[in-house]
$ cat model_29.pdb   # PDB, C-alpha atoms, pLDDT in the B column
ATOM      1  CA  MET A   1      43.367 116.672  80.982  1.00 63.00           C
ATOM      2  CA  ASP A   2      43.201 114.386  78.002  1.00 75.00           C
ATOM      3  CA  ALA A   3      45.541 111.427  77.551  1.00 74.00           C
ATOM      4  CA  THR A   4      47.636 113.100  74.820  1.00 76.00           C
ATOM      5  CA  ARG A   5      48.287 116.197  76.936  1.00 75.00           C
ATOM      6  CA  LEU A   6      49.125 114.075  80.007  1.00 68.00           C
ATOM      7  CA  PHE A   7      51.538 111.993  77.915  1.00 65.00           C
ATOM      8  CA  ARG A   8      53.311 115.183  76.718  1.00 71.00           C
ATOM      9  CA  VAL A   9      53.693 116.511  80.275  1.00 61.00           C
ATOM     10  CA  ILE A  10      55.109 113.187  81.498  1.00 70.00           C
ATOM     11  CA  LEU A  11      57.429 113.016  78.495  1.00 59.00           C
ATOM     12  CA  ILE A  12      58.740 116.558  79.100  1.00 69.00           C
ATOM     13  CA  VAL A  13      59.345 115.855  82.803  1.00 62.00           C
ATOM     14  CA  ALA A  14      61.129 112.597  81.946  1.00 59.00           C
ATOM     15  CA  ILE A  15      63.338 114.358  79.397  1.00 70.00           C
ATOM     16  CA  LEU A  16      64.220 117.067  81.930  1.00 58.00           C
ATOM     17  CA  VAL A  17      65.161 114.465  84.529  1.00 60.00           C
ATOM     18  CA  VAL A  18      67.363 112.584  82.052  1.00 57.00           C
ATOM     19  CA  VAL A  19      69.051 115.783  80.823  1.00 57.00           C
ATOM     20  CA  LEU A  20      69.722 117.115  84.322  1.00 55.00           C
ATOM     21  CA  CYS A  21      71.008 113.811  85.671  1.00 54.00           C
ATOM     22  CA  GLY A  22      73.085 113.174  82.567  1.00 51.00           C
ATOM     23  CA  SER A  23      74.630 116.638  82.626  1.00 43.00           C
ATOM     24  CA  ALA A  24      75.563 116.192  86.266  1.00 44.00           C
ATOM     25  CA  PHE A  25      77.443 112.989  85.502  1.00 42.00           C
ATOM     26  CA  LEU A  26      79.152 114.567  82.517  1.00 40.00           C
ATOM     27  CA  GLY A  27      80.386 117.484  84.610  1.00 42.00           C
ATOM     28  CA  ILE A  28      78.184 120.136  83.013  1.00 41.00           C
ATOM     29  CA  VAL A  29      76.577 121.059  86.342  1.00 37.00           C
ATOM     30  CA  PRO A  30      78.821 123.372  88.419  1.00 37.00           C
ATOM     31  CA  GLN A  31      81.118 121.759  91.000  1.00 35.00           C
ATOM     32  CA  GLN A  32      79.070 123.141  93.906  1.00 37.00           C
ATOM     33  CA  ALA A  33      76.243 120.787  92.959  1.00 35.00           C
ATOM     34  CA  TRP A  34      78.520 117.811  93.674  1.00 34.00           C
ATOM     35  CA  PRO A  35      80.537 118.718  96.797  1.00 42.00           C
ATOM     36  CA  ASP A  36      82.307 115.343  96.963  1.00 51.00           C
ATOM     37  CA  GLN A  37      84.060 116.045  93.663  1.00 50.00           C
ATOM     38  CA  PRO A  38      87.252 118.005  94.314  1.00 56.00           C
ATOM     39  CA  SER A  39      87.513 121.286  92.432  1.00 61.00           C
ATOM     40  CA  VAL A  40      90.667 122.954  91.160  1.00 57.00           C
ATOM     41  CA  ALA A  41      90.558 125.254  94.202  1.00 65.00           C
ATOM     42  CA  HIS A  42      90.341 122.199  96.468  1.00 66.00           C
ATOM     43  CA  HIS A  43      93.471 120.728  94.878  1.00 70.00           C
ATOM     44  CA  ARG A  44      95.341 124.035  95.359  1.00 75.00           C
ATOM     45  CA  LEU A  45      94.333 124.224  99.017  1.00 77.00           C
ATOM     46  CA  ALA A  46      95.270 120.574  99.553  1.00 82.00           C
ATOM     47  CA  ALA A  47      98.659 121.173  97.920  1.00 85.00           C
ATOM     48  CA  THR A  48      99.299 124.137 100.231  1.00 83.00           C
ATOM     49  CA  TYR A  49      98.374 121.949 103.199  1.00 83.00           C
ATOM     50  CA  ARG A  50     100.640 119.088 102.092  1.00 86.00           C
ATOM     51  CA  GLU A  51     103.507 121.507 101.492  1.00 86.00           C
ATOM     52  CA  ALA A  52     103.155 123.464 104.746  1.00 83.00           C
ATOM     53  CA  CYS A  53     102.382 120.566 107.085  1.00 85.00           C
ATOM     54  CA  GLY A  54     103.537 117.493 105.208  1.00 84.00           C
ATOM     55  CA  SER A  55     107.133 118.686 105.090  1.00 82.00           C
ATOM     56  CA  CYS A  56     107.478 117.794 108.815  1.00 83.00           C
ATOM     57  CA  HIS A  57     104.874 115.079 109.372  1.00 86.00           C
ATOM     58  CA  LEU A  58     102.018 113.305 107.655  1.00 88.00           C
ATOM     59  CA  ALA A  59      99.507 115.795 106.288  1.00 90.00           C
ATOM     60  CA  TYR A  60      96.688 114.159 108.243  1.00 91.00           C
ATOM     61  CA  SER A  61      93.257 113.764 106.724  1.00 92.00           C
ATOM     62  CA  PRO A  62      91.143 116.760 107.780  1.00 93.00           C
ATOM     63  CA  ALA A  63      88.344 114.266 108.556  1.00 93.00           C
ATOM     64  CA  LEU A  64      90.277 113.094 111.634  1.00 94.00           C
ATOM     65  CA  LEU A  65      89.338 116.197 113.664  1.00 94.00           C
ATOM     66  CA  PRO A  66      86.340 118.526 113.830  1.00 95.00           C
ATOM     67  CA  ALA A  67      86.717 122.085 112.498  1.00 95.00           C
ATOM     68  CA  ALA A  68      87.013 123.571 116.010  1.00 95.00           C
ATOM     69  CA  SER A  69      89.993 121.315 116.735  1.00 94.00           C
ATOM     70  CA  TRP A  70      91.747 122.326 113.515  1.00 93.00           C
ATOM     71  CA  GLN A  71      91.179 125.980 114.411  1.00 94.00           C
ATOM     72  CA  LEU A  72      92.694 125.330 117.839  1.00 91.00           C
ATOM     73  CA  VAL A  73      95.732 123.610 116.305  1.00 89.00           C
ATOM     74  CA  LEU A  74      96.272 126.537 113.932  1.00 88.00           C
ATOM     75  CA  ARG A  75      95.892 129.143 116.685  1.00 87.00           C
ATOM     76  CA  ARG A  76      98.566 127.324 118.687  1.00 83.00           C
ATOM     77  CA  LEU A  77     101.093 127.115 115.828  1.00 78.00           C
ATOM     78  CA  PRO A  78     103.720 129.238 117.563  1.00 72.00           C
ATOM     79  CA  GLU A  79     104.127 126.357 120.032  1.00 73.00           C
ATOM     80  CA  HIS A  80     103.133 123.506 117.701  1.00 72.00           C
ATOM     81  CA  TYR A  81     103.808 120.536 119.938  1.00 67.00           C
ATOM     82  CA  THR A  82     107.600 120.318 120.189  1.00 66.00           C
ATOM     83  CA  GLN A  83     108.458 122.837 117.490  1.00 69.00           C
ATOM     84  CA  CYS A  84     108.192 126.569 117.099  1.00 61.00           C
ATOM     85  CA  LEU A  85     106.386 127.290 113.853  1.00 73.00           C
ATOM     86  CA  SER A  86     105.502 130.460 112.103  1.00 78.00           C
ATOM     87  CA  LEU A  87     103.456 130.751 108.952  1.00 82.00           C
ATOM     88  CA  ALA A  88     102.514 133.778 106.912  1.00 86.00           C
ATOM     89  CA  ASP A  89      98.981 134.907 107.734  1.00 88.00           C
ATOM     90  CA  ASP A  90      97.724 134.120 104.236  1.00 89.00           C
ATOM     91  CA  THR A  91      99.132 130.578 104.450  1.00 88.00           C
ATOM     92  CA  ARG A  92      97.554 130.036 107.867  1.00 87.00           C
ATOM     93  CA  GLN A  93      94.221 131.309 106.532  1.00 91.00           C
ATOM     94  CA  THR A  94      94.497 128.991 103.524  1.00 90.00           C
ATOM     95  CA  LEU A  95      95.209 126.042 105.806  1.00 90.00           C
ATOM     96  CA  GLU A  96      92.278 126.938 108.044  1.00 92.00           C
ATOM     97  CA  ALA A  97      89.951 127.207 105.041  1.00 92.00           C
ATOM     98  CA  TYR A  98      91.005 123.796 103.749  1.00 90.00           C
ATOM     99  CA  LEU A  99      91.047 121.975 107.095  1.00 92.00           C
ATOM    100  CA  THR A 100      87.735 123.334 108.355  1.00 93.00           C
ATOM    101  CA  ALA A 101      85.973 122.767 105.025  1.00 92.00           C
ATOM    102  CA  HIS A 102      86.968 119.081 105.098  1.00 91.00           C
ATOM    103  CA  ALA A 103      86.890 118.519 108.862  1.00 94.00           C
ATOM    104  CA  ALA A 104      85.055 115.610 110.487  1.00 94.00           C
ATOM    105  CA  ASP A 105      81.946 117.690 111.139  1.00 94.00           C
ATOM    106  CA  ARG A 106      81.757 118.702 107.473  1.00 93.00           C
ATOM    107  CA  SER A 107      82.835 115.491 105.776  1.00 91.00           C
ATOM    108  CA  THR A 108      80.682 112.687 104.416  1.00 89.00           C
ATOM    109  CA  GLN A 109      83.368 110.034 104.950  1.00 89.00           C
ATOM    110  CA  ASP A 110      82.539 107.076 107.192  1.00 91.00           C
ATOM    111  CA  LEU A 111      85.717 107.752 109.165  1.00 90.00           C
ATOM    112  CA  ALA A 112      84.566 111.308 109.883  1.00 92.00           C
ATOM    113  CA  ARG A 113      81.248 110.045 111.245  1.00 93.00           C
ATOM    114  CA  GLU A 114      83.054 107.533 113.467  1.00 93.00           C
ATOM    115  CA  VAL A 115      85.363 110.279 114.744  1.00 94.00           C
ATOM    116  CA  LEU A 116      82.448 112.604 115.477  1.00 92.00           C
ATOM    117  CA  ASP A 117      80.361 109.906 117.150  1.00 94.00           C
ATOM    118  CA  SER A 118      83.254 109.206 119.519  1.00 95.00           C
ATOM    119  CA  LEU A 119      83.867 112.821 120.522  1.00 93.00           C
ATOM    120  CA  GLY A 120      80.664 113.911 122.136  1.00 87.00           C
ATOM    121  CA  ARG A 121      81.289 117.609 122.779  1.00 84.00           C
ATOM    122  CA  ALA A 122      85.079 117.312 123.024  1.00 86.00           C
ATOM    123  CA  TRP A 123      87.442 119.197 120.751  1.00 88.00           C
ATOM    124  CA  PRO A 124      90.697 117.265 120.943  1.00 92.00           C
ATOM    125  CA  LYS A 125      93.954 119.103 120.352  1.00 89.00           C
ATOM    126  CA  ARG A 126      95.603 116.033 118.874  1.00 89.00           C
ATOM    127  CA  ILE A 127      94.441 113.279 116.579  1.00 92.00           C
ATOM    128  CA  THR A 128      95.791 110.747 119.078  1.00 91.00           C
ATOM    129  CA  GLU A 129      93.254 112.100 121.605  1.00 93.00           C
ATOM    130  CA  VAL A 130      90.244 111.159 119.437  1.00 95.00           C
ATOM    131  CA  ALA A 131      88.289 108.449 121.279  1.00 95.00           C
ATOM    132  CA  HIS A 132      87.590 106.427 118.107  1.00 95.00           C
ATOM    133  CA  ILE A 133      91.269 106.332 117.185  1.00 94.00           C
ATOM    134  CA  ARG A 134      92.283 105.391 120.733  1.00 94.00           C
ATOM    135  CA  ARG A 135      89.644 102.643 120.762  1.00 94.00           C
ATOM    136  CA  VAL A 136      90.724 100.978 117.508  1.00 93.00           C
ATOM    137  CA  HIS A 137      94.356 101.022 118.661  1.00 94.00           C
ATOM    138  CA  GLN A 138      93.783  99.921 122.276  1.00 94.00           C
ATOM    139  CA  THR A 139      94.788  96.318 121.593  1.00 92.00           C
ATOM    140  CA  LEU A 140      98.321  97.363 120.633  1.00 92.00           C
ATOM    141  CA  ALA A 141     100.868  96.849 123.382  1.00 92.00           C
ATOM    142  CA  PRO A 142     102.750  99.993 124.498  1.00 91.00           C
ATOM    143  CA  GLU A 143     106.043  98.550 123.223  1.00 92.00           C
ATOM    144  CA  THR A 144     104.549  98.373 119.707  1.00 93.00           C
ATOM    145  CA  TRP A 145     104.734 102.162 119.490  1.00 92.00           C
ATOM    146  CA  ALA A 146     108.464 102.062 120.294  1.00 92.00           C
ATOM    147  CA  ARG A 147     109.419  99.741 117.419  1.00 92.00           C
ATOM    148  CA  PRO A 148     112.047 101.145 115.033  1.00 90.00           C
ATOM    149  CA  GLY A 149     109.632 101.296 112.093  1.00 90.00           C
ATOM    150  CA  ILE A 150     107.026 103.271 114.076  1.00 93.00           C
ATOM    151  CA  GLY A 151     107.612 106.873 115.058  1.00 89.00           C
ATOM    152  CA  GLY A 152     104.976 106.900 117.813  1.00 90.00           C
ATOM    153  CA  ARG A 153     101.198 107.124 117.992  1.00 91.00           C
ATOM    154  CA  GLY A 154     101.064 109.942 115.452  1.00 90.00           C
ATOM    155  CA  ASP A 155     102.954 108.021 112.769  1.00 92.00           C
ATOM    156  CA  CYS A 156      99.854 106.690 110.981  1.00 93.00           C
ATOM    157  CA  ALA A 157     101.734 105.946 107.761  1.00 93.00           C
ATOM    158  CA  ALA A 158     103.972 103.425 109.550  1.00 94.00           C
ATOM    159  CA  CYS A 159     101.079 100.951 109.646  1.00 94.00           C
ATOM    160  CA  HIS A 160      98.507 102.437 107.265  1.00 94.00           C
ATOM    161  CA  PRO A 161      99.947 102.628 103.719  1.00 92.00           C
ATOM    162  CA  GLY A 162      96.993 104.761 102.539  1.00 90.00           C
ATOM    163  CA  ALA A 163      97.242 107.277 105.404  1.00 90.00           C
ATOM    164  CA  GLN A 164      98.363 110.099 103.123  1.00 87.00           C
ATOM    165  CA  TYR A 165      95.061 109.641 101.256  1.00 86.00           C
ATOM    166  CA  GLY A 166      92.957 109.413 104.414  1.00 86.00           C
ATOM    167  CA  GLU A 167      92.585 105.633 104.097  1.00 89.00           C
ATOM    168  CA  PHE A 168      92.855 103.739 107.372  1.00 89.00           C
ATOM    169  CA  ASP A 169      91.172 100.415 106.580  1.00 87.00           C
ATOM    170  CA  ARG A 170      92.107  97.674 109.019  1.00 86.00           C
ATOM    171  CA  GLU A 171      92.402  95.197 106.148  1.00 89.00           C
ATOM    172  CA  ASN A 172      95.284  97.192 104.681  1.00 89.00           C
ATOM    173  CA  ALA A 173      97.068  97.944 107.959  1.00 92.00           C
ATOM    174  CA  ALA A 174     100.422  96.253 108.512  1.00 92.00           C
ATOM    175  CA  ILE A 175     102.216  96.713 111.825  1.00 92.00           C
ATOM    176  CA  PRO A 176     106.006  96.669 111.397  1.00 91.00           C
ATOM    177  CA  ARG A 177     107.534  93.692 113.234  1.00 85.00           C
ATOM    178  CA  SER A 178     110.859  95.217 114.120  1.00 71.00           C
TER
END
$ encode --input "model_29.pdb" --output "structure tokens"
Amino acid sequence: MDATRLFRVILIVAILVVVLCGSAFLGIVPQQAWPDQPSVAHHRLAATYREACGSCHLAYSPALLPAASWQLVLRRLPEHYTQCLSLADDTRQTLEAYLTAHAADRSTQDLAREVLDSLGRAWPKRITEVAHIRRVHQTLAPETWARPGIGGRGDCAACHPGAQYGEFDRENAAIPRS
């Protein structure tokens, strides 16, 4: 191949790379190509989740449990911890789709990897049963959980202001004093 022909091939490949990469960053490539970017459907599912679950407690980040655990929680809704809950089948299916799609075993978040690494083969029924979460909170005295500003071990938002967004950085945590 002569130098001119080789130059043209390299130039065409370079242009294709620039066009494809540029279009991806401009949003021209379909959403499926960039799974970390939330789609409109994702926002609808998340809103259903926040409405159905967040009306009683924090709508926990799906990355805190693996998909099998979320399925277990949803199957046990009629006796959801201390309350009797009933959801329409389509709502339950929507919640399952959202929670399992963004569960720890399907998420790219660092927190999800830490959760999964701590579980082994376990499928906890509660977020407070996740070994990683228990480990990072083990230094807290039992009476800390009984403080007026903390509603127990499941009240993540009491100490983590970004909990509703799935942010649990230690640097931003603030334990209520009284």
$ resolve_selection --input "model_29.pdb" --expression "the PyMOL selection byres ((chain A and resi 68) around 10)" --output "number ranges by chain"
A: 65-67, 69-74, 99-100, 103-105, 122-125
$ residues_near_point --input "model_29.pdb" --point "(84.0, 109.0, 107.6)" --cutoff "12 Å" --atoms "only C-alpha atoms" --output "CSV table (one decimal) with C-alpha atoms, keeping the file's coordinate frame"
chain,number,residue,atom,x,y,z
A,61,SER,CA,93.3,113.8,106.7
A,62,PRO,CA,91.1,116.8,107.8
A,63,ALA,CA,88.3,114.3,108.6
A,64,LEU,CA,90.3,113.1,111.6
A,65,LEU,CA,89.3,116.2,113.7
A,66,PRO,CA,86.3,118.5,113.8
A,102,HIS,CA,87.0,119.1,105.1
A,103,ALA,CA,86.9,118.5,108.9
A,104,ALA,CA,85.1,115.6,110.5
A,105,ASP,CA,81.9,117.7,111.1
A,106,ARG,CA,81.8,118.7,107.5
A,107,SER,CA,82.8,115.5,105.8
A,108,THR,CA,80.7,112.7,104.4
A,109,GLN,CA,83.4,110.0,105.0
A,110,ASP,CA,82.5,107.1,107.2
A,111,LEU,CA,85.7,107.8,109.2
A,112,ALA,CA,84.6,111.3,109.9
A,113,ARG,CA,81.2,110.0,111.2
A,114,GLU,CA,83.1,107.5,113.5
A,115,VAL,CA,85.4,110.3,114.7
A,116,LEU,CA,82.4,112.6,115.5
A,117,ASP,CA,80.4,109.9,117.2
A,118,SER,CA,83.3,109.2,119.5
A,132,HIS,CA,87.6,106.4,118.1
A,166,GLY,CA,93.0,109.4,104.4
A,167,GLU,CA,92.6,105.6,104.1
A,168,PHE,CA,92.9,103.7,107.4
A,169,ASP,CA,91.2,100.4,106.6
$ closest_residue --input "model_29.pdb" --among "A:Ser178, A:Thr4, A:Thr94, A:Thr139" --to "Ala52 in chain A" --atoms "all atoms listed in the file"
A:Thr94
$ atom_distance --input "model_29.pdb" --atom1 "CA of His80 in chain A" --atom2 "CA of Ala47 in chain A"
20.4 Å
$ closest_residue --input "model_29.pdb" --among "A:Gly120, A:Pro176, A:Arg147, A:Gly154" --to "Arg134 in chain A" --atoms "only C-alpha atoms"
A:Gly154
$ closest_residue --input "model_29.pdb" --among "A:Arg92, A:Arg170, A:His137, A:Cys156" --to "Ala59 in chain A" --atoms "only C-alpha atoms"
A:Cys156
$ atom_distance --input "model_29.pdb" --atom1 "CA of Arg121 in chain A" --atom2 "CA of Arg135 in chain A"
17.3 Å
$ decode --input "model_29.pdb" --residues "range 84-118 of chain A" --atoms "C-alpha atoms" --output "tab-separated table (two decimals), in the first residue's frame"
chain	number	residue	atom	x	y	z
A	84	CYS	CA	-48.92	-4.79	56.47
A	85	LEU	CA	-48.47	-3.49	52.95
A	86	SER	CA	-50.27	-4.18	49.75
A	87	LEU	CA	-49.34	-2.83	46.36
A	88	ALA	CA	-51.02	-3.25	43.01
A	89	ASP	CA	-49.28	-5.93	40.96
A	90	ASP	CA	-48.17	-3.44	38.32
A	91	THR	CA	-46.61	-1.19	40.98
A	92	ARG	CA	-44.81	-4.14	42.57
A	93	GLN	CA	-43.51	-5.19	39.15
A	94	THR	CA	-42.34	-1.64	38.46
A	95	LEU	CA	-40.53	-1.54	41.79
A	96	GLU	CA	-38.91	-4.91	41.13
A	97	ALA	CA	-37.76	-3.78	37.68
A	98	TYR	CA	-36.19	-0.62	39.09
A	99	LEU	CA	-34.62	-2.18	42.19
A	100	THR	CA	-33.15	-5.21	40.45
A	101	ALA	CA	-31.83	-3.17	37.51
A	102	HIS	CA	-29.90	-0.92	39.92
A	103	ALA	CA	-29.10	-3.48	42.62
A	104	ALA	CA	-25.60	-3.99	44.03
A	105	ASP	CA	-24.85	-6.85	41.65
A	106	ARG	CA	-25.77	-4.70	38.64
A	107	SER	CA	-24.40	-1.33	39.71
A	108	THR	CA	-21.03	0.21	38.92
A	109	GLN	CA	-20.97	2.30	42.11
A	110	ASP	CA	-18.09	1.79	44.53
A	111	LEU	CA	-20.60	1.30	47.34
A	112	ALA	CA	-22.26	-1.54	45.43
A	113	ARG	CA	-18.92	-3.31	45.01
A	114	GLU	CA	-18.19	-2.93	48.73
A	115	VAL	CA	-21.63	-4.32	49.58
A	116	LEU	CA	-21.18	-7.28	47.24
A	117	ASP	CA	-17.66	-8.04	48.44
A	118	SER	CA	-18.96	-8.23	52.01
